[in-house]
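A.B. asks: Hey, dropping upload.cif in here, mmCIF, C-alpha atoms and all ligand atoms:
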data_run
loop_
_atom_site.label_atom_id
_atom_site.label_comp_id
_atom_site.auth_asym_id
_atom_site.auth_seq_id
_atom_site.Cartn_x
_atom_site.Cartn_y
_atom_site.Cartn_z
CA MET G 1 0.00 0.00 0.00
CA PHE G 2 1.10 3.50 -0.83
CA ILE G 3 -0.24 6.22 1.48
CA THR G 4 0.46 9.92 1.04
CA PHE G 5 -0.13 12.86 3.39
CA GLU G 6 -1.25 16.25 2.21
CA GLY G 7 -2.34 19.58 3.60
CA CYS G 8 -1.61 23.29 3.75
CA GLU G 9 1.31 24.71 5.71
CA GLY G 10 0.96 24.57 9.49
CA VAL G 11 -1.82 21.99 9.68
CA GLY G 12 0.27 19.65 11.86
CA LYS G 13 1.17 17.18 9.12
CA SER G 14 4.67 16.41 10.42
CA ARG G 15 3.40 15.90 13.94
CA GLN G 16 0.64 13.57 12.76
CA ILE G 17 3.05 11.53 10.67
CA HIS G 18 5.31 11.26 13.70
CA MET G 19 2.39 10.07 15.86
CA LEU G 20 1.42 7.52 13.22
CA GLU G 21 5.00 6.25 13.15
CA GLU G 22 4.88 5.72 16.93
CA TYR G 23 1.65 3.76 16.52
CA LEU G 24 3.08 1.60 13.74
CA LYS G 25 6.21 0.87 15.78
CA GLN G 26 4.20 -0.06 18.87
CA ASN G 27 2.05 -2.37 16.81
CA LYS G 28 5.05 -3.86 14.99
CA ILE G 29 3.73 -2.84 11.57
CA LYS G 30 6.58 -2.51 9.10
CA TYR G 31 6.65 0.68 7.04
CA TYR G 32 8.90 2.92 5.01
CA LEU G 33 8.54 6.68 5.45
CA THR G 34 9.84 9.25 3.03
CA ARG G 35 9.10 12.84 2.05
CA GLU G 36 8.81 15.18 -0.88
CA PRO G 37 10.58 17.04 -2.24
CA GLY G 38 13.58 14.99 -1.19
CA GLY G 39 14.03 11.50 0.19
CA THR G 40 17.08 10.60 -1.91
CA LEU G 41 20.47 12.26 -2.36
CA VAL G 42 19.56 13.54 -5.82
CA SER G 43 16.06 14.66 -4.78
CA GLU G 44 17.37 16.45 -1.68
CA GLN G 45 19.70 18.45 -3.92
CA ILE G 46 16.77 19.35 -6.18
CA ARG G 47 14.86 20.34 -3.02
CA ASN G 48 17.66 22.74 -2.08
CA VAL G 49 17.44 24.40 -5.51
CA ILE G 50 13.65 24.73 -5.30
CA LEU G 51 13.55 26.10 -1.76
CA ASP G 52 16.67 28.34 -2.02
CA GLY G 53 15.57 31.90 -1.30
CA ARG G 54 18.06 33.26 -3.87
CA ASN G 55 16.16 31.61 -6.73
CA ILE G 56 13.50 34.29 -6.99
CA ALA G 57 13.84 34.23 -10.80
CA MET G 58 12.60 30.65 -11.01
CA ALA G 59 9.79 30.28 -13.54
CA ASP G 60 6.67 28.51 -12.33
CA GLU G 61 7.07 25.89 -15.06
CA CYS G 62 10.66 25.28 -13.97
CA GLU G 63 9.46 24.83 -10.39
CA ALA G 64 6.80 22.31 -11.47
CA LEU G 65 9.33 20.35 -13.55
CA LEU G 66 11.83 20.29 -10.69
CA TYR G 67 9.22 18.88 -8.30
CA ALA G 68 8.42 16.22 -10.92
CA ALA G 69 12.14 15.49 -11.40
CA ALA G 70 12.65 15.05 -7.65
CA ARG G 71 9.56 12.81 -7.63
CA VAL G 72 10.68 10.43 -10.38
CA GLN G 73 14.06 9.98 -8.67
CA LEU G 74 12.41 9.17 -5.34
CA LEU G 75 10.02 6.79 -7.05
CA LYS G 76 12.64 4.87 -9.02
CA GLU G 77 15.18 4.73 -6.24
CA THR G 78 13.00 3.93 -3.24
CA VAL G 79 9.21 4.01 -3.47
CA ALA G 80 8.71 1.64 -6.44
CA PRO G 81 11.10 -1.09 -5.18
CA LYS G 82 9.56 -0.90 -1.69
CA LEU G 83 6.03 -1.17 -3.06
CA GLU G 84 7.02 -4.01 -5.34
CA SER G 85 8.40 -5.91 -2.37
CA GLY G 86 5.07 -5.46 -0.58
CA GLU G 87 6.03 -2.83 1.98
CA LEU G 88 3.74 -0.17 3.37
CA VAL G 89 5.09 3.13 2.04
CA LEU G 90 4.19 6.47 3.61
CA CYS G 91 5.08 9.69 1.85
CA ASP G 92 4.88 13.21 3.28
CA ARG G 93 3.52 15.08 0.21
CA TYR G 94 3.37 13.70 -3.35
CA ILE G 95 1.60 14.42 -6.64
CA ASP G 96 -1.32 16.26 -5.00
CA SER G 97 1.07 18.90 -3.63
CA SER G 98 2.10 19.65 -7.22
CA LEU G 99 -1.52 19.77 -8.31
CA ALA G 100 -2.56 22.07 -5.45
CA TYR G 101 0.53 24.34 -5.31
CA GLN G 102 1.65 24.50 -8.95
CA GLY G 103 -1.61 23.55 -10.69
CA TYR G 104 -4.04 25.67 -8.66
CA ALA G 105 -2.09 28.25 -6.67
CA ARG G 106 0.56 29.05 -9.31
CA GLU G 107 -2.21 28.74 -11.88
CA LEU G 108 -0.32 26.45 -14.24
CA GLY G 109 -3.47 24.35 -14.47
CA VAL G 110 -4.11 20.83 -13.29
CA GLU G 111 -3.80 19.44 -16.84
CA PHE G 112 -0.29 20.79 -17.34
CA VAL G 113 0.87 19.47 -13.98
CA GLU G 114 -0.79 16.09 -14.57
CA LYS G 115 0.86 15.84 -17.95
CA ILE G 116 4.42 16.41 -16.74
CA ASN G 117 3.82 14.09 -13.81
CA ASP G 118 2.60 11.32 -16.10
CA TYR G 119 6.20 10.91 -17.20
CA ALA G 120 7.35 10.96 -13.62
CA ILE G 121 4.98 8.62 -11.86
CA LYS G 122 3.24 6.44 -14.46
CA ASN G 123 1.31 3.79 -12.52
CA PHE G 124 2.44 4.81 -9.08
CA MET G 125 -0.52 6.70 -7.77
CA PRO G 126 -1.18 6.51 -4.03
CA ASP G 127 -3.75 3.98 -2.84
CA TYR G 128 -4.97 6.53 -0.31
CA THR G 129 -4.19 10.15 0.39
CA ILE G 130 -4.74 11.52 3.86
CA PHE G 131 -5.70 15.16 3.51
CA LEU G 132 -5.49 17.09 6.78
CA ASN G 133 -8.30 19.53 6.38
CA LEU G 134 -7.64 22.89 8.04
CA THR G 135 -8.00 26.26 6.37
CA PRO G 136 -4.88 28.44 6.10
CA GLU G 137 -6.64 30.99 8.34
CA GLN G 138 -7.13 28.35 11.04
CA ALA G 139 -3.55 27.16 10.63
CA PHE G 140 -2.19 30.73 10.96
CA LYS G 141 -4.41 31.38 13.97
CA ARG G 142 -3.10 28.26 15.66
CA LYS G 143 0.44 29.47 14.97
CA GLY G 144 -0.29 32.77 16.70
CA GLY G 145 -1.63 34.63 13.66
CA ALA G 146 -0.27 36.25 10.54
CA ASP G 147 0.42 39.97 10.60
CA LYS G 148 -2.62 41.51 8.94
CA THR G 149 -0.73 44.72 8.14
CA ASP G 150 2.07 42.92 6.37
CA ARG G 151 1.57 42.99 2.59
CA LEU G 152 3.67 39.89 2.05
CA GLU G 153 1.92 37.92 4.73
CA LEU G 154 -1.39 38.86 3.15
CA SER G 155 -0.39 37.95 -0.39
CA GLY G 156 1.03 34.79 1.15
CA MET G 157 -2.40 34.15 2.58
CA GLU G 158 -4.03 34.55 -0.87
CA PHE G 159 -1.64 31.94 -2.23
CA HIS G 160 -2.35 29.53 0.60
CA LYS G 161 -6.09 29.99 0.18
CA LYS G 162 -5.72 28.93 -3.45
CA VAL G 163 -3.72 25.89 -2.36
CA TYR G 164 -6.50 25.01 0.06
CA GLU G 165 -9.25 25.44 -2.55
CA GLY G 166 -7.18 23.25 -4.85
CA TYR G 167 -7.01 20.48 -2.27
CA LEU G 168 -10.77 20.66 -1.73
CA ASP G 169 -11.34 20.30 -5.49
CA LEU G 170 -8.92 17.38 -5.65
CA SER G 171 -10.65 15.67 -2.73
CA LYS G 172 -13.89 15.77 -4.76
CA LYS G 173 -12.27 14.75 -8.03
CA TYR G 174 -10.46 11.79 -6.45
CA LYS G 175 -12.96 10.91 -3.76
CA GLU G 176 -12.16 7.18 -3.84
CA ARG G 177 -8.55 7.93 -3.01
CA PHE G 178 -8.83 10.96 -0.71
CA ILE G 179 -9.42 10.49 3.01
CA VAL G 180 -10.39 13.90 4.35
CA ILE G 181 -9.51 14.29 8.03
CA ASP G 182 -10.83 17.24 10.01
CA ALA G 183 -7.64 18.59 11.62
CA SER G 184 -9.25 21.39 13.65
CA GLY G 185 -9.38 19.49 16.93
CA GLU G 186 -6.73 18.38 19.41
CA LYS G 187 -3.75 16.49 18.00
CA ASP G 188 -4.79 13.24 19.73
CA GLU G 189 -8.26 13.48 18.20
CA THR G 190 -6.80 13.94 14.73
CA HIS G 191 -4.42 11.04 15.31
CA GLN G 192 -7.31 8.78 16.29
CA LYS G 193 -9.23 9.80 13.17
CA ILE G 194 -6.25 8.84 11.01
CA ILE G 195 -5.87 5.46 12.74
CA ASN G 196 -9.60 4.75 12.38
CA ALA G 197 -9.58 5.67 8.70
CA LEU G 198 -6.53 3.52 7.95
CA LYS G 199 -8.10 0.59 9.80
CA GLU G 200 -11.37 1.04 7.95
CA LYS G 201 -9.54 0.94 4.61
CA GLY G 202 -7.63 -2.17 5.65
CA VAL G 203 -4.25 -0.45 5.47
CA ILE G 204 -3.31 -1.33 9.06
P1 LIG A 301 8.51 21.58 3.46
O1 LIG A 301 9.43 22.36 4.32
O2 LIG A 301 8.77 20.12 3.30
O3 LIG A 301 7.02 21.89 3.88
P2 LIG A 301 5.93 21.08 4.70
O4 LIG A 301 6.51 20.81 6.04
O5 LIG A 301 4.76 22.01 4.71
O6 LIG A 301 5.63 19.80 3.94
O7 LIG A 301 8.54 22.28 2.05
C1 LIG A 301 7.93 21.78 0.98
C2 LIG A 301 7.25 22.90 0.24
O8 LIG A 301 7.13 22.55 -1.12
C3 LIG A 301 5.83 23.17 0.74
O9 LIG A 301 5.61 24.57 0.75
C4 LIG A 301 4.95 22.57 -0.33
C5 LIG A 301 5.79 22.69 -1.55
N1 LIG A 301 5.54 21.69 -2.60
C6 LIG A 301 5.06 22.11 -3.83
O10 LIG A 301 4.80 23.30 -4.04
N2 LIG A 301 4.88 21.18 -4.82
C7 LIG A 301 5.17 19.87 -4.65
O11 LIG A 301 5.00 19.04 -5.58
C8 LIG A 301 5.68 19.44 -3.38
C9 LIG A 301 6.02 18.00 -3.13
C10 LIG A 301 5.86 20.39 -2.38
#
How does the structure come out when it is put into structure tokens?
C.D. replies:
Amino acid sequence: MFITFEGCEGVGKSRQIHMLEEYLKQNKIKYYLTREPGGTLVSEQIRNVILDGRNIAMADECEALLYAAARVQLLKETVAPKLESGELVLCDRYIDSSLAYQGYARELGVEFVEKINDYAIKNFMPDYTIFLNLTPEQAFKRKGGADKTDRLELSGMEFHKKVYEGYLDLSKKYKERFIVIDASGEKDETHQKIINALKEKGVI
């Protein structure tokens, strides 16, 4: 089984993945955890290029292609062999991040992003995608709030709202695959929801 985790910034994704790991370890369930962009030596170097603050000139198309390049390397080097040997693979972000961030928020369009990713991932779509559902406003509030007078913070918020809307659209388009988890409650509540959903789907 191939399970991916998605959500906007600050929704508690890393913490939830960590809590799931603890559960899997306690229950002696074997798994392989990786993340995007990154997860291999080559992909981590691509990650550094993408996230480097000096690269302000990067074209949106270049960004989308770099994410896809990092993805195909991760897939060929680790994810595909692990899946083929029957392991449970967990990935922190995957194709849906590209669809939500580059397709919707950067406005490259879902079709364009799907097309370039077809080369990258072929038949390796996730079996299930856990989407931690929390609006960017809620996430910012939880963090202590964005500065409402700061132009950049505000334009940042517009971008993150588009990402969020994108995820909601994707969760409708791929409703068989998407598991939408309300992440507005306490972290233990969210954790329990994830465990219940994975049990219900027969993943664990
Ligand atoms: P990271 O620090 O890993 O963020 P997070 O902890 O929120 O997962 O940075 C990854 C950033 O890259 C994050 O802002 C989402 C973005 N991203 C894309 O825009 N497209 C993609 O395809 C992927 C995988 C990530």
A.B. asks: Could you tell me which of G:Lys172, G:Lys141, G:Arg93, G:Lys30 comes closest to ligand LIG 301 (chain A) if we count only C-alpha atoms and all ligand atoms?
C.D. replies: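 The closest residue to ligand LIG 301 (chain A) is G:Arg93.
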A.B. asks: Could you list, as a PyMOL selection string, all residues that come within 8 Å of ligand LIG 301 (chain A)? Count only C-alpha atoms and all ligand atoms.
C.D. replies: chain G and resi 6-10+13-14+35-37+51+64+67-68+71+92-102
A.B. asks: Set the distance at 7 Å and use only C-alpha atoms: which residues neighbour Ile130 (chain G) once local chain neighbours fewer than 3 positions away are removed? I'd like the list as JSON, numbers by chain.
C.D. replies: {"G": [4, 5, 6, 178, 179, 180, 181]}
A.B. asks: Rounded to one decimal place, report the CA of Cys91 (chain G)-CA of Phe159 (chain G) distance in Å.
C.D. replies: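 Between CA of Cys91 (chain G) and CA of Phe159 (chain G) the gap is 23.6 Å.
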A.B. asks: Point out the residue among G:Thr135, G:Thr78, G:Ser184, G:Asn117 with the least atom-to-atom distance to Lys162 (chain G), counting only C-alpha atoms.
C.D. replies: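 Checking each of G:Thr135, G:Thr78, G:Ser184, G:Asn117 against Lys162 (chain G), counting only C-alpha atoms, the winner is G:Thr135.
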A.B. asks: Of the candidates G:Leu20, G:Val42, G:Val79, G:Leu65, which shows the shortest atom-to-atom distance to Lys115 (chain G), using only C-alpha atoms?
C.D. replies: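 Once distances to Lys115 (chain G) are computed over only C-alpha atoms, the minimum belongs to G:Leu65.
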A.B. asks: Quote the spacing between CA of Lys28 (chain G) and CA of Asp182 (chain G) in Å to one decimal place.
C.D. replies: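 For CA of Lys28 (chain G) relative to CA of Asp182 (chain G), the distance reads 26.9 Å.
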A.B. asks: Between G:Lys122, G:Lys25, G:Lys175, G:Arg106, which is the closest to Ala80 (chain G) once you count only C-alpha atoms?
C.D. replies: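 Result for the nearest residue to Ala80 (chain G): G:Lys122.
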A.B. asks: Set the distance at 12 Å and use all atoms listed in the file: which residues neighbour Gly202 (chain G) once local chain neighbours fewer than 3 positions away are removed? I'd like the list as number ranges by chain.
C.D. replies: G: 1, 3, 88, 127-128, 195-199
A.B. asks: State, in Å with one decimal place, the distance from CA of Glu189 (chain G) to CA of Gln138 (chain G).
C.D. replies: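 So the answer is 16.5 Å.
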A.B. asks: Would you mind completing region 53-66 of chain G to N, CA and C atoms and writing the output as a PDB file, in the coordinates of the input?
C.D. replies:
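New file selection-v6.pdb:
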ATOM      1  N   GLY G  53      16.125  30.558  -1.235  1.00  0.00           N
ATOM      2  CA  GLY G  53      15.570  31.900  -1.300  1.00  0.00           C
ATOM      3  C   GLY G  53      16.204  32.794  -2.366  1.00  0.00           C
ATOM      4  N   ARG G  54      17.396  32.436  -2.841  1.00  0.00           N
ATOM      5  CA  ARG G  54      18.060  33.260  -3.870  1.00  0.00           C
ATOM      6  C   ARG G  54      17.431  33.052  -5.243  1.00  0.00           C
ATOM      7  N   ASN G  55      16.695  31.952  -5.402  1.00  0.00           N
ATOM      8  CA  ASN G  55      16.160  31.610  -6.730  1.00  0.00           C
ATOM      9  C   ASN G  55      14.822  32.277  -7.036  1.00  0.00           C
ATOM     10  N   ILE G  56      14.768  33.581  -6.774  1.00  0.00           N
ATOM     11  CA  ILE G  56      13.500  34.290  -6.990  1.00  0.00           C
ATOM     12  C   ILE G  56      13.128  34.352  -8.476  1.00  0.00           C
ATOM     13  N   ALA G  57      14.124  34.154  -9.357  1.00  0.00           N
ATOM     14  CA  ALA G  57      13.840  34.230 -10.800  1.00  0.00           C
ATOM     15  C   ALA G  57      13.226  32.942 -11.346  1.00  0.00           C
ATOM     16  N   MET G  58      13.072  31.943 -10.502  1.00  0.00           N
ATOM     17  CA  MET G  58      12.600  30.650 -11.010  1.00  0.00           C
ATOM     18  C   MET G  58      11.202  30.749 -11.622  1.00  0.00           C
ATOM     19  N   ALA G  59      11.097  30.284 -12.867  1.00  0.00           N
ATOM     20  CA  ALA G  59       9.790  30.280 -13.540  1.00  0.00           C
ATOM     21  C   ALA G  59       8.905  29.208 -12.917  1.00  0.00           C
ATOM     22  N   ASP G  60       7.604  29.466 -12.927  1.00  0.00           N
ATOM     23  CA  ASP G  60       6.670  28.510 -12.330  1.00  0.00           C
ATOM     24  C   ASP G  60       6.777  27.129 -13.000  1.00  0.00           C
ATOM     25  N   GLU G  61       6.960  27.157 -14.321  1.00  0.00           N
ATOM     26  CA  GLU G  61       7.070  25.890 -15.060  1.00  0.00           C
ATOM     27  C   GLU G  61       8.320  25.121 -14.636  1.00  0.00           C
ATOM     28  N   CYS G  62       9.405  25.889 -14.428  1.00  0.00           N
ATOM     29  CA  CYS G  62      10.660  25.280 -13.970  1.00  0.00           C
ATOM     30  C   CYS G  62      10.433  24.622 -12.610  1.00  0.00           C
ATOM     31  N   GLU G  63       9.759  25.343 -11.732  1.00  0.00           N
ATOM     32  CA  GLU G  63       9.460  24.830 -10.390  1.00  0.00           C
ATOM     33  C   GLU G  63       8.685  23.505 -10.484  1.00  0.00           C
ATOM     34  N   ALA G  64       7.645  23.511 -11.329  1.00  0.00           N
ATOM     35  CA  ALA G  64       6.800  22.310 -11.470  1.00  0.00           C
ATOM     36  C   ALA G  64       7.615  21.130 -12.011  1.00  0.00           C
ATOM     37  N   LEU G  65       8.500  21.413 -12.968  1.00  0.00           N
ATOM     38  CA  LEU G  65       9.330  20.350 -13.550  1.00  0.00           C
ATOM     39  C   LEU G  65      10.346  19.823 -12.534  1.00  0.00           C
ATOM     40  N   LEU G  66      10.870  20.735 -11.708  1.00  0.00           N
ATOM     41  CA  LEU G  66      11.830  20.290 -10.690  1.00  0.00           C
ATOM     42  C   LEU G  66      11.165  19.386  -9.645  1.00  0.00           C
TER      43      LEU G  66
END
